[in-house]
Every structure is written in C-alpha cells, then in structure tokens.
Amino acid sequence: MTAGALFIARQALHPSDVLESVTTTRWLIVQVFSIVMGTLAVMSISGIYAKQAHKTGFFGFIGYLLFSAFFTIATALYFMEAFIFPTLVDIAPKYVEGLQGLVTSQPSTVDLGTFPVAYTVTGIAYLLGGVLFGISIFRAGIFPRWAGGLLAIGAIIIILDAAVPHPADRALALPVGIAFMWLGWTLYKPANNV
C-alpha cells in the first residue's frame, strides 16, 4: 500500500526536471521517497508473487522478474538522483541536464555512456513486467482480478508517454499506483479474506 501511495506522491511532488531543481530540498525528499517506494515495491511484488506462484506459471514468473528488475534498477537511479546528481551540478552541469533529458525527451549535448541503455531497459521491464505480472494476477484469481487488470493496463499506457508532454505524463502512473495500493491492501488484510 505504501509503495503505491509513494508511487503516486512521487509523480505529484516531483520538482521540474531542470538543473536548478537538483540541489533543492524538495528534489532530495522526492528522491528519498522514491528509494523507499522502490524498495517496498520489490518486497511487495515478491510477496504477491509468492502467494500466487503455484498458479502463475512461466509468464507470471517472467512478469515478476521483469517488474522486480524495473524497480530494482529504478531504485538505483533514484539513489543517483538523490546523492550523486547534486554533486555534479557545479562540475558537470551538461551531464546532469543530459540525464534529465532522458526523462523529458530532450537530446543530450554530451555522451551519457550507458545511461540511455539503462533508461530504455527500465522502460521495457516496466512495460512487459507490469503487463505480464498484472495478467498473471488476473488469471490466478488469488488477488482481486481487477487489481491485476489495472496493473496491466497501467503498464500498457506508458506507451502514451511519448504523446503526452512532460510533466503531464506523470499522471500516467496513477493506475499502477492505485493497483499497488489495492494489491497491498489485499496482501495486508487477514488471510481468510484473500
């Protein structure tokens, strides 16, 4: 539940993706929330998968691995945004702007190394992992089917990210956050109600 709430709050509270934001307290708070959210999300996904693993099959397992990989890689990136980006603002501002451009779809003027690949991999893991994991939840029938369906739909609508200008595209995360809260509540409540 907390991971879902933080997933939504992160989108609403995130400061503008501009160089000046990186050294603000708000930037640090949002990134620390994001680190907590990512850590809790991996634990939640693992708990959900463990409860239904016997019914999800191969695609459920692949969905679990991919969706967990997304949150694991994203959490490492949030850590960098919180603690490394601010130290680079004065010595390599173009590099930080280039990294922010991955989110805002602005081309970089400097070589970003493997970061564009990592960003692409996380997007693919989010899309495929979220869809497969959501469908496996829906099909297994152990958790509310529509929570799994909402997770799958929420992961699919990330495709619209290119069509929705930033930062309005942050609203596309709402269905996944709601699905996480719903699944978290179901996982949390007494076992006889699951």
# chains A, B, ... in the order shown; residues from 1 in each chain; ligands from 1
>>> residues_around(residues="Ile156 in chain A", least_positions_apart="6", cutoff="12 Å", atoms="only C-alpha atoms", output="PDB file with N, CA and C atoms, in the first residue's frame")
ATOM      1  N   GLY A 123      12.399   0.976 -18.971  1.00  0.00           N
ATOM      2  CA  GLY A 123      11.094   1.175 -19.609  1.00  0.00           C
ATOM      3  C   GLY A 123      10.512  -0.122 -20.139  1.00  0.00           C
ATOM      4  N   ILE A 124      11.344  -0.936 -20.766  1.00  0.00           N
ATOM      5  CA  ILE A 124      10.886  -2.230 -21.283  1.00  0.00           C
ATOM      6  C   ILE A 124      10.493  -3.152 -20.136  1.00  0.00           C
ATOM      7  N   ALA A 125      11.295  -3.174 -19.068  1.00  0.00           N
ATOM      8  CA  ALA A 125      10.986  -4.016 -17.910  1.00  0.00           C
ATOM      9  C   ALA A 125       9.680  -3.584 -17.261  1.00  0.00           C
ATOM     10  N   TYR A 126       9.436  -2.264 -17.195  1.00  0.00           N
ATOM     11  CA  TYR A 126       8.185  -1.746 -16.636  1.00  0.00           C
ATOM     12  C   TYR A 126       6.996  -2.183 -17.486  1.00  0.00           C
ATOM     13  N   LEU A 127       7.119  -1.985 -18.776  1.00  0.00           N
ATOM     14  CA  LEU A 127       6.022  -2.316 -19.686  1.00  0.00           C
ATOM     15  C   LEU A 127       5.731  -3.814 -19.694  1.00  0.00           C
ATOM     16  N   LEU A 128       6.723  -4.610 -20.056  1.00  0.00           N
ATOM     17  CA  LEU A 128       6.496  -6.061 -20.158  1.00  0.00           C
ATOM     18  C   LEU A 128       6.249  -6.699 -18.795  1.00  0.00           C
ATOM     19  N   GLY A 129       7.031  -6.298 -17.797  1.00  0.00           N
ATOM     20  CA  GLY A 129       6.854  -6.864 -16.460  1.00  0.00           C
ATOM     21  C   GLY A 129       5.499  -6.527 -15.877  1.00  0.00           C
ATOM     22  N   GLY A 130       5.096  -5.269 -15.997  1.00  0.00           N
ATOM     23  CA  GLY A 130       3.796  -4.853 -15.471  1.00  0.00           C
ATOM     24  C   GLY A 130       2.639  -5.556 -16.154  1.00  0.00           C
ATOM     25  N   VAL A 131       2.731  -5.684 -17.478  1.00  0.00           N
ATOM     26  CA  VAL A 131       1.652  -6.360 -18.225  1.00  0.00           C
ATOM     27  C   VAL A 131       1.592  -7.840 -17.859  1.00  0.00           C
ATOM     28  N   LEU A 132       2.739  -8.531 -17.924  1.00  0.00           N
ATOM     29  CA  LEU A 132       2.738  -9.967 -17.614  1.00  0.00           C
ATOM     30  C   LEU A 132       2.363 -10.240 -16.159  1.00  0.00           C
ATOM     31  N   PHE A 133       2.884  -9.428 -15.241  1.00  0.00           N
ATOM     32  CA  PHE A 133       2.567  -9.634 -13.829  1.00  0.00           C
ATOM     33  C   PHE A 133       1.093  -9.332 -13.566  1.00  0.00           C
ATOM     34  N   GLY A 134       0.580  -8.263 -14.161  1.00  0.00           N
ATOM     35  CA  GLY A 134      -0.838  -7.924 -13.999  1.00  0.00           C
ATOM     36  C   GLY A 134      -1.748  -9.006 -14.549  1.00  0.00           C
ATOM     37  N   ILE A 135      -1.412  -9.517 -15.732  1.00  0.00           N
ATOM     38  CA  ILE A 135      -2.217 -10.593 -16.327  1.00  0.00           C
ATOM     39  C   ILE A 135      -2.138 -11.852 -15.465  1.00  0.00           C
ATOM     40  N   GLY A 149      -5.759  -6.497 -13.476  1.00  0.00           N
ATOM     41  CA  GLY A 149      -6.090  -5.858 -14.751  1.00  0.00           C
ATOM     42  C   GLY A 149      -5.670  -4.396 -14.780  1.00  0.00           C
ATOM     43  N   LEU A 150      -5.889  -3.698 -13.671  1.00  0.00           N
ATOM     44  CA  LEU A 150      -5.493  -2.292 -13.595  1.00  0.00           C
ATOM     45  C   LEU A 150      -3.979  -2.148 -13.682  1.00  0.00           C
ATOM     46  N   LEU A 172       0.222   9.428 -15.919  1.00  0.00           N
ATOM     47  CA  LEU A 172       0.069   8.073 -16.447  1.00  0.00           C
ATOM     48  C   LEU A 172       0.439   7.012 -15.408  1.00  0.00           C
ATOM     49  N   ALA A 173       1.110   7.397 -14.346  1.00  0.00           N
ATOM     50  CA  ALA A 173       1.497   6.453 -13.291  1.00  0.00           C
ATOM     51  C   ALA A 173       0.358   6.163 -12.317  1.00  0.00           C
ATOM     52  N   PRO A 175      -2.726   4.737 -12.498  1.00  0.00           N
ATOM     53  CA  PRO A 175      -3.304   3.385 -12.416  1.00  0.00           C
ATOM     54  C   PRO A 175      -2.404   2.366 -11.738  1.00  0.00           C
ATOM     55  N   VAL A 176      -1.101   2.429 -11.989  1.00  0.00           N
ATOM     56  CA  VAL A 176      -0.182   1.472 -11.357  1.00  0.00           C
ATOM     57  C   VAL A 176      -0.128   1.730  -9.853  1.00  0.00           C
TER      58      VAL A 176
END
>>> select_by_dssp(residues="range 66-115 of chain A", states="alpha helix (DSSP H)", output="PyMOL selection string")
chain A and resi 66-83+85-88+93-104+115
>>> closest_residue(among="A:Gln11, A:Gln100, A:Thr56, A:Thr72", to="Phe85 in chain A", atoms="only C-alpha atoms")
A:Gln100
>>> closest_residue(among="A:Thr23, A:Glu81, A:Tyr64, A:Leu151", to="Gln52 in chain A", atoms="only C-alpha atoms")
A:Tyr64
>>> closest_residue(among="A:Ala82, A:Ile73, A:Ile142, A:Ser34", to="Ile8 in chain A", atoms="only C-alpha atoms")
A:Ser34
>>> residues_around(residues="Thr2 in chain A", least_positions_apart="6", cutoff="8 Å", atoms="only C-alpha atoms", output="list of chain:residue names")
A:Met37, A:Leu40, A:Met181, A:Gly184
>>> closest_residue(among="A:Val18, A:Ala152, A:Ile157, A:Ile178", to="Leu6 in chain A", atoms="only C-alpha atoms")
A:Ile178
>>> residues_around(residues="Asp161 in chain A", least_positions_apart="2", cutoff="12 Å", atoms="only C-alpha atoms", output="compact mmCIF listing (two decimals) with N, CA and C atoms, in the first residue's frame")
# COMPACT_ATOMS: atom_id res chain seq x y z
N VAL A 103 14.38 11.79 -19.24
CA VAL A 103 13.01 11.83 -18.74
C VAL A 103 12.16 12.80 -19.55
N THR A 104 12.74 13.92 -19.93
CA THR A 104 11.98 14.96 -20.63
C THR A 104 12.04 14.85 -22.15
N SER A 105 12.73 13.81 -22.64
CA SER A 105 12.89 13.57 -24.08
C SER A 105 13.66 14.68 -24.78
N GLY A 123 12.40 0.98 -18.97
CA GLY A 123 11.09 1.17 -19.61
C GLY A 123 10.51 -0.12 -20.14
N LEU A 127 7.12 -1.98 -18.78
CA LEU A 127 6.02 -2.32 -19.69
C LEU A 127 5.73 -3.81 -19.69
N GLY A 154 -2.27 -0.13 -16.56
CA GLY A 154 -1.39 0.96 -16.16
C GLY A 154 -0.01 0.84 -16.79
N ALA A 155 0.48 -0.39 -16.89
CA ALA A 155 1.79 -0.59 -17.52
C ALA A 155 1.72 -0.34 -19.03
N ILE A 156 0.62 -0.72 -19.65
CA ILE A 156 0.48 -0.53 -21.10
C ILE A 156 0.39 0.96 -21.46
N ILE A 157 -0.29 1.75 -20.64
CA ILE A 157 -0.48 3.15 -21.03
C ILE A 157 0.81 3.96 -20.99
N ILE A 158 1.88 3.36 -20.50
CA ILE A 158 3.17 4.06 -20.55
C ILE A 158 3.57 4.34 -22.00
N ILE A 159 2.99 3.58 -22.91
CA ILE A 159 3.25 3.81 -24.34
C ILE A 159 2.83 5.22 -24.73
N ALA A 163 3.41 10.67 -26.32
CA ALA A 163 2.38 11.57 -26.85
C ALA A 163 1.95 12.63 -25.84
N VAL A 164 2.26 12.43 -24.58
CA VAL A 164 1.84 13.36 -23.53
C VAL A 164 3.07 14.17 -23.10
N PRO A 165 2.97 15.49 -23.15
CA PRO A 165 4.14 16.31 -22.79
C PRO A 165 4.51 16.15 -21.31
N HIS A 166 5.81 16.28 -21.06
CA HIS A 166 6.30 16.22 -19.68
C HIS A 166 6.09 17.57 -19.03
N PRO A 167 5.63 17.69 -17.84
CA PRO A 167 5.44 16.71 -16.79
C PRO A 167 4.03 16.13 -16.71
N ALA A 168 3.15 16.48 -17.64
CA ALA A 168 1.79 15.94 -17.61
C ALA A 168 1.80 14.41 -17.71
N ASP A 169 2.83 13.84 -18.33
CA ASP A 169 2.92 12.40 -18.47
C ASP A 169 3.04 11.68 -17.12
N ARG A 170 3.37 12.39 -16.07
CA ARG A 170 3.46 11.78 -14.74
C ARG A 170 2.11 11.22 -14.29
N ALA A 171 1.02 11.78 -14.79
CA ALA A 171 -0.31 11.29 -14.43
C ALA A 171 -0.55 9.86 -14.93
N LEU A 172 0.22 9.43 -15.92
CA LEU A 172 0.07 8.07 -16.45
C LEU A 172 0.44 7.01 -15.41
N ALA A 173 1.11 7.40 -14.35
CA ALA A 173 1.50 6.45 -13.29
C ALA A 173 0.36 6.16 -12.32
